[in-house]
Every structure is written in C-alpha cells, then in structure tokens.
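Chemist: Below you will find the structure I want to go over with you.
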Amino acid sequence: MITRLLTLALATLIALAGTGEAQQKKIKRERNLISLEELTELQGHNAYEVVEKLRPDWLRRSERRVTLDTRRMDRGRDSRGIGDNQGEEGSTDPLADVATPPLELTVFVDQTEMGGVQELQRLRNDEIQEMRFLNGSDAQQRYGPRFAAGVIQVKLKNS
C-alpha cells in the first residue's frame, strides 16, 4: 500500500515537472525573431508597434549605432562642421577616406528593400508571418556594407 502511494506521488510529481518545462519553453522567445504566434497575440497593431512592444532592443541597437557613428564622423570638424584635412594626403585621421554607410536600420519585406523603420508602420501585424532582426555585422555579410546599422526582415503570409 505504501509502495503504491509513493509510486503515485512520484508519477504526479514527474507529470507536473514536465508541464512546467513545457510552459517555460513556450514562454522563451528568440531575441532576433518575432514569430507568428507572438504576432497573433497583438491584434490590431502595426509592425512598428509590435517591435516596440516585443523587441524594443531592435530599435535601441540601431540608435546606439547611429550615436557612435555620428561621434566618429564629427571627429576632426570645427564648430561649423568643416573638417580639417579630411581626405587630404598626409591626413592623420584614419577614417578620412572611408565612405560612411547609411546609419539607419533598414527594413526588407519579402527580400525587397523598403527603407527605414518608418516602413514598419505601413504593415499590419495580421499580414506578417514573421520578423527577424539582423545585427550590423550579419546584415553587412548578407546585404553589403550599406547595412551596418542592421536589418529587420519581414516575411508576409502570402509569400
């Protein structure tokens, strides 16, 4: 009798532990992906609002990149924004001859470049299959040096 009770208690504990693990896995979200499941939880929003609510870090990463790059670009300029010897032979500035890529996060919809993050405001979340964030280095590897600020890839449901 005691063995049966212990076996039953052990089986119950194992079943409850398995349920807890399943719930934890469901709650865990990928930081560089917004899935269809997450999109359906937020009905009546545009894609920009979804990113703001679920992955605001995507937007902050881009802002930090712009701030850092702007500081680098401003180095060596006087109060009027005029550079000193930039691009001239013998310049001591190692960035003087480097072309600066656009500093804005870029949005691709179904592999077509659409523009900056403002493009996300035009997309309803019920049209979207998933959204994926590529950091600057991954975006540059995939799309080229112009995308140093990063990319948000949007895949629509009908594609």
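Each chain in the structure tokens gets a letter, A, B and so on, in the order shown; residues start at 1 in every chain, and ligands are counted from 1 in the order they appear.
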Residues at most 7 Å from A:Ile34, counting only C-alpha atoms, excluding those fewer than 2 positions away in the same chain, as a list in words?
Modeler: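 Non-adjacent residues within range: Leu36, Glu38, Glu130, Met131 and Arg132 of chain A.
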Chemist: Neighbouring residues of stretch 151-157 of chain A were defined as those with any atom within 9 Å, considering only C-alpha atoms; residues of the same chain fewer than 3 positions away were excluded. Please report them as a count of residues only.
Modeler: 26
Chemist: Please compute the atom CA of A:Glu119-atom CA of A:Ala47 distance, one decimal, in Å.
Modeler: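 Straight-line distance from atom CA of A:Glu119 to atom CA of A:Ala47 works out to 8.7 Å.
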